[in-house]
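Presented below is the structure to which this report refers.
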Number of protein chains: 2
Amino acid sequence: MNIPADVAARFIEGTLVAAIAQDPKDGRVLMMAWMNQEALEKTLESGHVTYWSRSRNQLWTKGESSGHTQKLISVSYDCDGDALLLQVEQAGAACHTGERSCFFRGIDFQQGDQ
Amino acid sequence: MNIPADVAARFIEGTLVAAIAQDPKDGRVLMMAWMNQEALEKTLESGHVTYWSRSRNQLWTKGESSGHTQKLISVSYDCDGDALLLQVEQAGAACHTGERSCFFRGIDFQQGDQ
């Protein structure tokens, strides 16, 4: 497989990498989940996104039960190899709540002038 | 502070939350780093993004040495409270390499028809 050395090093040290899914049509960030080496390999081989579920401790192919699959369009990795950015074609809602994006709630703060 | 209960629960259990910085002007995802409660509080209070550095084990106000600050425009949190999405006004490059985004390298894969 084509896993870059920087990312492979994370898997060797036993770290999961964060995987951010974005819709390239409008740039909306849909969700963030985790991948181990097997999840990334399966994603690259199949062209459909598979994550690693930390709560269920198993591979989790997005949409396998809901039908809300993510077809992989492109994937990039960050400078220290611990995060992936996936451009995906999302079927239906990305969030299990039915919202398009998991990031559907804001946090209030005082906007400063700094 | 305005930290939502779902996110506060992560801090109580000792988990860092992932913080994704995005430029709302064109939707470019700039970087992903980590926040503890203190980092998020400082970010919300100051209106400038502060992360928690896992390697240096200390607060890290983005741009404090490089000048490449991130002014907070808005912040949302995900359905399970372990990730934040920050809309930021980025001064200069987000990546320490000088690239605009830390996600500047792609991973090749065979695009399927599935």
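Note on naming: chains are A, B, ... as they come in the structure tokens, residues start from 1 per chain, ligands start from 1 in the order shown.
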
key: Every residue of chain A that DSSP places in strand (DSSP E or B), as a VMD selection string   = chain A and resid 17 to 22 29 to 35 48 50 to 53 58 to 61 70 to 77 83 to 90 105 to 106

Once you have the residues from the selection above, write them out as a compact mmCIF listing (two decimals), in the first residue's frame, restricted to N, CA and C atoms.
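Wrote part.txt, looks like this:
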```txt
# COMPACT_ATOMS: atom_id res chain seq x y z
N VAL A 17 -4.55 7.61 14.03
CA VAL A 17 -4.50 8.94 13.41
C VAL A 17 -5.93 9.47 13.28
N ALA A 18 -6.03 10.78 13.40
CA ALA A 18 -7.33 11.44 13.24
C ALA A 18 -7.64 11.54 11.75
N ALA A 19 -8.87 11.28 11.39
CA ALA A 19 -9.28 11.37 9.99
C ALA A 19 -10.46 12.33 9.89
N ILE A 20 -10.24 13.42 9.17
CA ILE A 20 -11.24 14.47 9.00
C ILE A 20 -11.88 14.28 7.63
N ALA A 21 -13.20 14.19 7.60
CA ALA A 21 -13.89 14.04 6.31
C ALA A 21 -14.51 15.37 5.90
N GLN A 22 -14.23 15.76 4.67
CA GLN A 22 -14.70 17.05 4.16
C GLN A 22 -15.41 16.82 2.83
N VAL A 29 -16.84 20.64 6.61
CA VAL A 29 -16.23 19.55 7.37
C VAL A 29 -17.37 18.71 7.96
N LEU A 30 -17.37 17.43 7.64
CA LEU A 30 -18.50 16.57 7.97
C LEU A 30 -18.34 15.86 9.31
N MET A 31 -17.14 15.38 9.60
CA MET A 31 -16.92 14.60 10.81
C MET A 31 -15.44 14.39 11.04
N MET A 32 -15.11 13.94 12.22
CA MET A 32 -13.76 13.48 12.50
C MET A 32 -13.84 12.16 13.23
N ALA A 33 -13.05 11.19 12.78
CA ALA A 33 -13.02 9.89 13.45
C ALA A 33 -11.57 9.41 13.41
N TRP A 34 -11.35 8.13 13.62
CA TRP A 34 -10.00 7.62 13.81
C TRP A 34 -9.70 6.49 12.84
N MET A 35 -8.44 6.33 12.51
CA MET A 35 -8.02 5.21 11.69
C MET A 35 -6.79 4.56 12.28
N HIS A 48 -13.75 3.29 -0.39
CA HIS A 48 -14.82 3.71 0.53
C HIS A 48 -14.23 3.79 1.94
N THR A 50 -13.32 3.57 5.66
CA THR A 50 -13.44 2.72 6.86
C THR A 50 -12.64 3.36 7.98
N TYR A 51 -13.26 3.54 9.13
CA TYR A 51 -12.59 4.08 10.31
C TYR A 51 -12.34 2.94 11.31
N TRP A 52 -11.64 3.32 12.39
CA TRP A 52 -11.50 2.43 13.54
C TRP A 52 -12.36 2.99 14.67
N SER A 53 -13.30 2.21 15.13
CA SER A 53 -14.16 2.64 16.22
C SER A 53 -13.46 2.40 17.55
N GLN A 58 -13.31 -1.90 16.87
CA GLN A 58 -13.37 -2.68 15.63
C GLN A 58 -13.43 -1.75 14.43
N LEU A 59 -13.12 -2.31 13.27
CA LEU A 59 -13.25 -1.55 12.04
C LEU A 59 -14.71 -1.16 11.83
N TRP A 60 -14.89 -0.02 11.20
CA TRP A 60 -16.23 0.54 11.03
C TRP A 60 -16.28 1.19 9.65
N THR A 61 -16.84 0.44 8.72
CA THR A 61 -17.00 1.00 7.38
C THR A 61 -18.20 1.93 7.39
N GLN A 70 -19.24 6.86 2.52
CA GLN A 70 -18.34 7.93 2.08
C GLN A 70 -17.42 7.37 1.00
N LYS A 71 -17.61 7.83 -0.21
CA LYS A 71 -16.72 7.44 -1.30
C LYS A 71 -15.51 8.36 -1.28
N LEU A 72 -14.34 7.76 -1.30
CA LEU A 72 -13.11 8.55 -1.19
C LEU A 72 -12.78 9.22 -2.52
N ILE A 73 -12.56 10.51 -2.48
CA ILE A 73 -12.17 11.26 -3.68
C ILE A 73 -10.66 11.53 -3.65
N SER A 74 -10.18 11.99 -2.50
CA SER A 74 -8.74 12.18 -2.34
C SER A 74 -8.42 12.19 -0.86
N VAL A 75 -7.14 12.00 -0.56
CA VAL A 75 -6.73 11.98 0.85
C VAL A 75 -5.35 12.61 0.96
N SER A 76 -5.19 13.46 1.96
CA SER A 76 -3.88 14.06 2.23
C SER A 76 -3.56 13.84 3.71
N TYR A 77 -2.30 14.05 4.06
CA TYR A 77 -1.87 13.84 5.45
C TYR A 77 -1.05 15.03 5.90
N ALA A 83 -2.60 13.12 11.27
CA ALA A 83 -3.96 13.47 10.85
C ALA A 83 -4.09 13.31 9.34
N LEU A 84 -5.26 12.86 8.93
CA LEU A 84 -5.58 12.68 7.51
C LEU A 84 -6.75 13.60 7.18
N LEU A 85 -6.74 14.11 5.97
CA LEU A 85 -7.87 14.91 5.48
C LEU A 85 -8.44 14.19 4.27
N LEU A 86 -9.67 13.71 4.43
CA LEU A 86 -10.33 12.94 3.38
C LEU A 86 -11.34 13.81 2.65
N GLN A 87 -11.25 13.87 1.35
CA GLN A 87 -12.31 14.49 0.57
C GLN A 87 -13.24 13.35 0.17
N VAL A 88 -14.51 13.49 0.50
CA VAL A 88 -15.44 12.38 0.31
C VAL A 88 -16.72 12.82 -0.39
N GLU A 89 -17.31 11.84 -1.05
CA GLU A 89 -18.66 12.01 -1.57
C GLU A 89 -19.58 11.32 -0.56
N GLN A 90 -20.30 12.12 0.20
CA GLN A 90 -21.09 11.62 1.32
C GLN A 90 -22.49 11.27 0.84
N ARG A 105 -23.27 22.21 16.28
CA ARG A 105 -23.54 23.03 17.46
C ARG A 105 -22.38 23.98 17.71
N GLY A 106 -22.69 25.24 17.92
CA GLY A 106 -21.66 26.24 18.14
C GLY A 106 -21.39 26.49 19.61
```

Exercise: Ala5 (chain A) partners within 10 Å, only C-alpha atoms, chain neighbours under 5 positions left out, as a list in words =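 Skipping anything fewer than 5 positions along the chain leaves Arg10, Phe11 and Gly81 of chain A.
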
ask   = Quick one: residues within 9 Å of Phe104 (chain A), only C-alpha atoms counted, chain neighbours fewer than 3 positions away excluded, as a list of chain:residue names?
value = A:Glu99, A:Arg100, A:Ser101, B:Ser76, B:Tyr77, B:Asp78, B:Cys79

Please produce an output containing C-alpha atoms for each residue in the selection, written as a short mmCIF file (atom, residue, chain, number, x, y, z; two decimals), in the first residue's frame.
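Result written to result.cif:
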```cif
data_model
loop_
_atom_site.label_atom_id
_atom_site.label_comp_id
_atom_site.auth_asym_id
_atom_site.auth_seq_id
_atom_site.Cartn_x
_atom_site.Cartn_y
_atom_site.Cartn_z
CA GLU A 99 -27.44 16.21 10.67
CA ARG A 100 -25.34 16.65 7.57
CA SER A 101 -22.23 17.39 9.65
CA SER B 76 -18.42 24.36 16.82
CA TYR B 77 -18.16 20.94 18.45
CA ASP B 78 -19.10 17.51 17.26
CA CYS B 79 -21.83 15.11 18.31
#
```

inquiry  = Need to verify the contact set: Phe109 (chain B), 8 Å, only C-alpha atoms, exclusion of same-chain residues closer than 5 positions in sequence. Can you return it as a PyMOL selection string?
reply    = chain A and resi 2+44-45+47

Filtering to N, CA, C and O atoms, could you give me those residues as a PDB file, in the first residue's frame?
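What follows is the written file again-v9.pdb:
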```
ATOM      1  N   ASN A   2       0.199   2.373  -0.110  1.00  0.00           N
ATOM      2  CA  ASN A   2       0.901   3.643  -0.297  1.00  0.00           C
ATOM      3  C   ASN A   2       0.969   4.465   0.975  1.00  0.00           C
ATOM      4  O   ASN A   2       0.970   5.690   0.917  1.00  0.00           O
ATOM      5  N   LEU A  44      -8.058   2.799   1.333  1.00  0.00           N
ATOM      6  CA  LEU A  44      -7.319   3.027   0.083  1.00  0.00           C
ATOM      7  C   LEU A  44      -7.599   1.921  -0.937  1.00  0.00           C
ATOM      8  O   LEU A  44      -7.663   2.173  -2.134  1.00  0.00           O
ATOM      9  N   GLU A  45      -7.774   0.703  -0.456  1.00  0.00           N
ATOM     10  CA  GLU A  45      -8.027  -0.420  -1.366  1.00  0.00           C
ATOM     11  C   GLU A  45      -9.435  -0.394  -1.942  1.00  0.00           C
ATOM     12  O   GLU A  45      -9.647  -0.702  -3.108  1.00  0.00           O
ATOM     13  N   GLY A  47     -11.692   2.282  -1.784  1.00  0.00           N
ATOM     14  CA  GLY A  47     -12.220   3.569  -2.241  1.00  0.00           C
ATOM     15  C   GLY A  47     -13.433   4.026  -1.451  1.00  0.00           C
ATOM     16  O   GLY A  47     -14.054   5.035  -1.791  1.00  0.00           O
TER      17      GLY A  47
END
```

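Reported to one decimal place, the separation of CA of Arg56 (chain A) from CA of Glu13 (chain B) is 18.1 Å.
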
message = What does the structure give for the distance between CA of Ser46 (chain B) and CA of Asp108 (chain A), in Å to one decimal?
response =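 One can read the CA of Ser46 (chain B) to CA of Asp108 (chain A) distance as 12.8 Å.
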
message = So that I can see what lies close to Gly67 (chain A), please list as a PyMOL selection string the residues with an atom at most 10 Å from it, counting only C-alpha atoms and leaving out residues fewer than 2 positions away in the same chain.
response = chain A and resi 62-65+69-70+91-93

Given the selection you just returned, output its residues as a file containing C-alpha atoms, formatted as an mmCIF file, in the first residue's frame.
```cif
data_model
loop_
_atom_site.group_PDB
_atom_site.id
_atom_site.type_symbol
_atom_site.label_atom_id
_atom_site.label_comp_id
_atom_site.auth_asym_id
_atom_site.auth_seq_id
_atom_site.Cartn_x
_atom_site.Cartn_y
_atom_site.Cartn_z
ATOM 1 C CA LYS A 62 -18.947 4.222 7.218
ATOM 2 C CA GLY A 63 -22.513 3.582 6.097
ATOM 3 C CA GLU A 64 -22.419 -0.198 6.447
ATOM 4 C CA SER A 65 -25.566 -0.100 8.549
ATOM 5 C CA THR A 69 -21.337 5.745 2.839
ATOM 6 C CA GLN A 70 -18.341 7.930 2.081
ATOM 7 C CA ALA A 91 -24.321 9.662 0.819
ATOM 8 C CA GLY A 92 -26.993 11.112 3.097
ATOM 9 C CA ALA A 93 -26.052 12.554 6.475
#
```

remark   = Atom pair CA of Asp26 (chain B) + CA of Asp23 (chain A), distance 12.5 Å

inquiry  = Restricting the calculation to only C-alpha atoms: of A:Gln111, A:Asn36, A:His68, A:Asp80, which residue gets closest to Gly98 (chain A)?
reply    =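 Closest candidate: A:His68.
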
query = So which bits of chain A end up helix (DSSP H, G or I) when you DSSP the backbone, as a ChimeraX atom specification?
reply = /A:5-12,37-46

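Of the listed residues (B:Ile12, B:Ala39, B:Cys102, B:Ala94), B:Cys102 comes nearest to chain A; the distances count only C-alpha atoms.
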